[in-house]
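Chemist: Next up is a structure, given as structure tokens.
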Amino acid sequence: MGKFTPLDFNKYAALARQAAAEGCVLLKNENEALPLRKGDKVAVFGRIAFHYYKSGLGSGGLVNTKYVVGILDALKEEKDITLDENLLGTYEKWIEKNPYDEGQGWGKVPWSQKEMELTDEIVESAKGADAAIVVVGRTAGEDQDNKNEAGSYLLTDTEKEMVEKVSKAFARTIVVLNVGNIIDMKWVKECNPAAVLYVWQGGQEGGNGVADVLMGRVNPCGKLTDTIAENIEDYPSQSCFGDLTRNEYKEDIYVGYRYFETFAKEKVLYPFGFGLSYTTFAVTAEAEEKDVDNVTVTATVENTGKTDGKEVVQVM
């Protein structure tokens with residue numbers, strides 16, 4: 001037998017945390033709502049702050065983990081901010097009476113959880129905070145598809161009302177999307193939060209990764225791998241989606257972003273490859289070489305801002 005090499009789990013955890021942080025995609029950040037600032041008092045809304053979706057379900061998701069660090073878990077460890085404990089207590093009491101719904105087994109797990117209705121009194125009680133974080137979550141998994149329904153692809157009325165009320169009450173409202181896939185995003189224009197951050201499902205170190213981005217220790221450098229259109233009907237594949245017997249490729253060879261780039265640019269809210277940063281970059285193409293099988297592009301990337309960060313170079 002070969003020599004046994006012990007596994008360095010701390011190293012793996014650090015890598016998982018880095019991947020979760022750098023994979024976050026920042027869609028909006030008006031007036032530098034993010035990152036959070038030293039001394040901020042933060043009001044955290046949304047029951048999913050108390051139940052982090054580390055992954056989807058099914059063969060890849062139902063695995064044993066030694067621990068899972070959620071978003072709220074990580075924020076509670078931050079020394080440079082304080083959380084509104086009264087608001088958290090209100091959620092904890094409500095969750096006791098409205099426990100997490102585990103569903104009815106394989107393929108019958110709810111895509112989302114019942115959300116607490118926000119009264120004006122609850123929002124008003126948190127008005128002393130400098131910033132508000134609203135966490136919205138969706139699971140994912142095998143044997144059932146995301147649907148064009150409230151609580152799945154669409155926000156529920158209660159979720160939308162939560163985002164709307166908090167956005168009106170706090171100039172620095174940050175919506176954090178703990179989801180496994182893109183969701184309908186029309187509510188961004190309608191509710192107008194200051195910042196929107198897709199944090200996806202980041203595994204057992206995901207909460208720490210999200211906190212690294214929220215606190216500014218890590219620059220969000222993720223880019224969208226999907227095009228987010230204004231309406232789900234804008235995707236040409238939607239009319240056949242879920243049909244058990246027939247699928248028609250209406251977009252022909254123009255699959256994904258190629259379709260929107262060619263035929264429907266006006267229907268795009270956030271294009272494929274989109275993602276903001278806390279800093280700015282200048283990308284200068286220097287050379288391009290082509291042969292029959294390859295294209296080589298050489299470019300210089302310069303950080304022109306005041307904050308360290310990484311940039312993804314994209315070629316079209």
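By convention in this document, the chains of the structure tokens carry letters A, B, ... by their order, each chain's residues are numbered from 1, and ligands are numbered from 1 in the order they are shown.
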Pick out the residues sitting within 12 Å of region 236-245 of chain A, and hand them over as a count of residues only; count only C-alpha atoms, and ignore anything fewer than 3 positions along from it in its own chain.

Modeler: 26

Chemist: Hey, what does DSSP flag as strand (DSSP E or B) within region 120-175 of chain A? Can you give it to me as JSON, numbers by chain?

Modeler: {"A": [131, 132, 133, 134, 135, 136, 137, 150, 154, 173, 174, 175]}

Chemist: Within 6 Å of region 193-209 of chain A, counting only C-alpha atoms, which residues show up once you throw out same-chain ones fewer than 6 positions away? Write them as a list in words, please.

Modeler: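 Those residues are Arg17, Ala20, Ala21, Cys24, Val25, Leu26, Leu27, Lys28, Asn29, Glu30, Tyr53, Lys54, Ser55, Val68, Val69, Gly70, Ile71, Ala74, Ser167, Arg172, Thr173, Ile174, Val175, Val176, Leu177, Asn178, Val179 and Gly180 of chain A.
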
Chemist: Write out as a ChimeraX atom specification all residues of region 148-242 of chain A that backbone DSSP assigns to helix (DSSP H, G or I).

Modeler: /A:157-169,187-191,203-215,232-234,238-240

Chemist: Can those selected residues be exported to a file as an mmCIF file, in the first residue's frame so that it contains N, CA and C atoms?

Modeler:
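Produced file result_17.cif, reproduced below:
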data_model
loop_
_atom_site.group_PDB
_atom_site.id
_atom_site.type_symbol
_atom_site.label_atom_id
_atom_site.label_comp_id
_atom_site.auth_asym_id
_atom_site.auth_seq_id
_atom_site.Cartn_x
_atom_site.Cartn_y
_atom_site.Cartn_z
ATOM 1 N N ASP A 157 -46.172 36.799 -2.758
ATOM 2 C CA ASP A 157 -46.658 38.136 -2.405
ATOM 3 C C ASP A 157 -46.015 38.617 -1.109
ATOM 4 N N THR A 158 -45.858 37.697 -0.144
ATOM 5 C CA THR A 158 -45.272 38.074 1.143
ATOM 6 C C THR A 158 -43.808 38.454 0.991
ATOM 7 N N GLU A 159 -43.074 37.716 0.154
ATOM 8 C CA GLU A 159 -41.669 38.047 -0.075
ATOM 9 C C GLU A 159 -41.522 39.398 -0.766
ATOM 10 N N LYS A 160 -42.338 39.621 -1.777
ATOM 11 C CA LYS A 160 -42.249 40.895 -2.490
ATOM 12 C C LYS A 160 -42.623 42.057 -1.576
ATOM 13 N N GLU A 161 -43.651 41.860 -0.754
ATOM 14 C CA GLU A 161 -44.046 42.908 0.180
ATOM 15 C C GLU A 161 -42.926 43.182 1.184
ATOM 16 N N MET A 162 -42.226 42.131 1.608
ATOM 17 C CA MET A 162 -41.099 42.297 2.524
ATOM 18 C C MET A 162 -40.006 43.153 1.884
ATOM 19 N N VAL A 163 -39.622 42.806 0.647
ATOM 20 C CA VAL A 163 -38.585 43.575 -0.045
ATOM 21 C C VAL A 163 -39.031 45.022 -0.244
ATOM 22 N N GLU A 164 -40.289 45.198 -0.610
ATOM 23 C CA GLU A 164 -40.802 46.540 -0.880
ATOM 24 C C GLU A 164 -40.828 47.395 0.381
ATOM 25 N N LYS A 165 -41.344 46.848 1.477
ATOM 26 C CA LYS A 165 -41.435 47.614 2.720
ATOM 27 C C LYS A 165 -40.061 47.973 3.271
ATOM 28 N N VAL A 166 -39.163 47.011 3.249
ATOM 29 C CA VAL A 166 -37.833 47.265 3.793
ATOM 30 C C VAL A 166 -37.094 48.273 2.919
ATOM 31 N N SER A 167 -37.247 48.163 1.594
ATOM 32 C CA SER A 167 -36.571 49.092 0.680
ATOM 33 C C SER A 167 -37.051 50.523 0.867
ATOM 34 N N LYS A 168 -38.314 50.685 1.190
ATOM 35 C CA LYS A 168 -38.850 52.021 1.441
ATOM 36 C C LYS A 168 -38.363 52.578 2.774
ATOM 37 N N ALA A 169 -38.141 51.699 3.741
ATOM 38 C CA ALA A 169 -37.784 52.146 5.088
ATOM 39 C C ALA A 169 -36.292 52.388 5.263
ATOM 40 N N TRP A 187 -38.933 42.537 -9.847
ATOM 41 C CA TRP A 187 -39.161 43.230 -8.583
ATOM 42 C C TRP A 187 -38.036 44.213 -8.240
ATOM 43 N N VAL A 188 -36.854 44.056 -8.842
ATOM 44 C CA VAL A 188 -35.764 44.987 -8.541
ATOM 45 C C VAL A 188 -36.161 46.402 -8.939
ATOM 46 N N LYS A 189 -36.722 46.554 -10.118
ATOM 47 C CA LYS A 189 -37.158 47.874 -10.578
ATOM 48 C C LYS A 189 -38.369 48.352 -9.777
ATOM 49 N N GLU A 190 -39.256 47.421 -9.439
ATOM 50 C CA GLU A 190 -40.495 47.792 -8.752
ATOM 51 C C GLU A 190 -40.252 48.166 -7.292
ATOM 52 N N CYS A 191 -39.386 47.432 -6.604
ATOM 53 C CA CYS A 191 -39.140 47.659 -5.173
ATOM 54 C C CYS A 191 -37.936 48.562 -4.913
ATOM 55 N N GLY A 203 -22.466 25.810 -0.121
ATOM 56 C CA GLY A 203 -21.879 24.715 0.632
ATOM 57 C C GLY A 203 -21.717 25.038 2.107
ATOM 58 N N GLN A 204 -20.990 24.189 2.815
ATOM 59 C CA GLN A 204 -20.963 24.309 4.270
ATOM 60 C C GLN A 204 -20.204 25.541 4.755
ATOM 61 N N GLU A 205 -19.367 26.159 3.908
ATOM 62 C CA GLU A 205 -18.680 27.402 4.265
ATOM 63 C C GLU A 205 -19.348 28.617 3.619
ATOM 64 N N GLY A 206 -20.530 28.411 3.033
ATOM 65 C CA GLY A 206 -21.174 29.460 2.262
ATOM 66 C C GLY A 206 -21.462 30.730 3.037
ATOM 67 N N GLY A 207 -21.931 30.596 4.271
ATOM 68 C CA GLY A 207 -22.236 31.783 5.065
ATOM 69 C C GLY A 207 -21.011 32.644 5.310
ATOM 70 N N ASN A 208 -19.880 31.995 5.571
ATOM 71 C CA ASN A 208 -18.638 32.755 5.756
ATOM 72 C C ASN A 208 -18.235 33.468 4.473
ATOM 73 N N GLY A 209 -18.413 32.797 3.333
ATOM 74 C CA GLY A 209 -18.097 33.423 2.059
ATOM 75 C C GLY A 209 -18.958 34.646 1.788
ATOM 76 N N VAL A 210 -20.250 34.536 2.095
ATOM 77 C CA VAL A 210 -21.164 35.667 1.905
ATOM 78 C C VAL A 210 -20.762 36.824 2.810
ATOM 79 N N ALA A 211 -20.441 36.519 4.066
ATOM 80 C CA ALA A 211 -20.023 37.569 5.004
ATOM 81 C C ALA A 211 -18.747 38.253 4.523
ATOM 82 N N ASP A 212 -17.833 37.495 3.927
ATOM 83 C CA ASP A 212 -16.608 38.097 3.399
ATOM 84 C C ASP A 212 -16.926 39.150 2.348
ATOM 85 N N VAL A 213 -17.930 38.870 1.514
ATOM 86 C CA VAL A 213 -18.318 39.835 0.482
ATOM 87 C C VAL A 213 -19.074 41.007 1.096
ATOM 88 N N LEU A 214 -20.029 40.738 1.976
ATOM 89 C CA LEU A 214 -20.809 41.809 2.600
ATOM 90 C C LEU A 214 -19.918 42.770 3.379
ATOM 91 N N MET A 215 -18.873 42.249 4.003
ATOM 92 C CA MET A 215 -17.982 43.083 4.813
ATOM 93 C C MET A 215 -16.873 43.730 3.984
ATOM 94 N N ILE A 232 -40.329 35.347 -18.106
ATOM 95 C CA ILE A 232 -39.946 33.969 -18.427
ATOM 96 C C ILE A 232 -40.401 33.585 -19.824
ATOM 97 N N GLU A 233 -41.478 34.214 -20.313
ATOM 98 C CA GLU A 233 -41.960 33.927 -21.658
ATOM 99 C C GLU A 233 -40.997 34.440 -22.739
ATOM 100 N N ASP A 234 -40.035 35.287 -22.346
ATOM 101 C CA ASP A 234 -39.063 35.804 -23.307
ATOM 102 C C ASP A 234 -38.038 34.749 -23.714
ATOM 103 N N GLN A 238 -39.259 28.256 -23.320
ATOM 104 C CA GLN A 238 -40.268 28.171 -22.281
ATOM 105 C C GLN A 238 -41.534 27.443 -22.732
ATOM 106 N N SER A 239 -41.955 27.631 -23.973
ATOM 107 C CA SER A 239 -43.230 27.060 -24.429
ATOM 108 C C SER A 239 -43.224 25.536 -24.422
ATOM 109 N N CYS A 240 -42.046 24.917 -24.535
ATOM 110 C CA CYS A 240 -41.948 23.455 -24.541
ATOM 111 C C CYS A 240 -41.401 22.898 -23.229
#

Chemist: Mind giving me the straight-line distance from CA of Gly56 (chain A) to CA of Gly216 (chain A) in Å, one decimal?

Modeler: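 Between CA of Gly56 (chain A) and CA of Gly216 (chain A) the gap is 27.0 Å.
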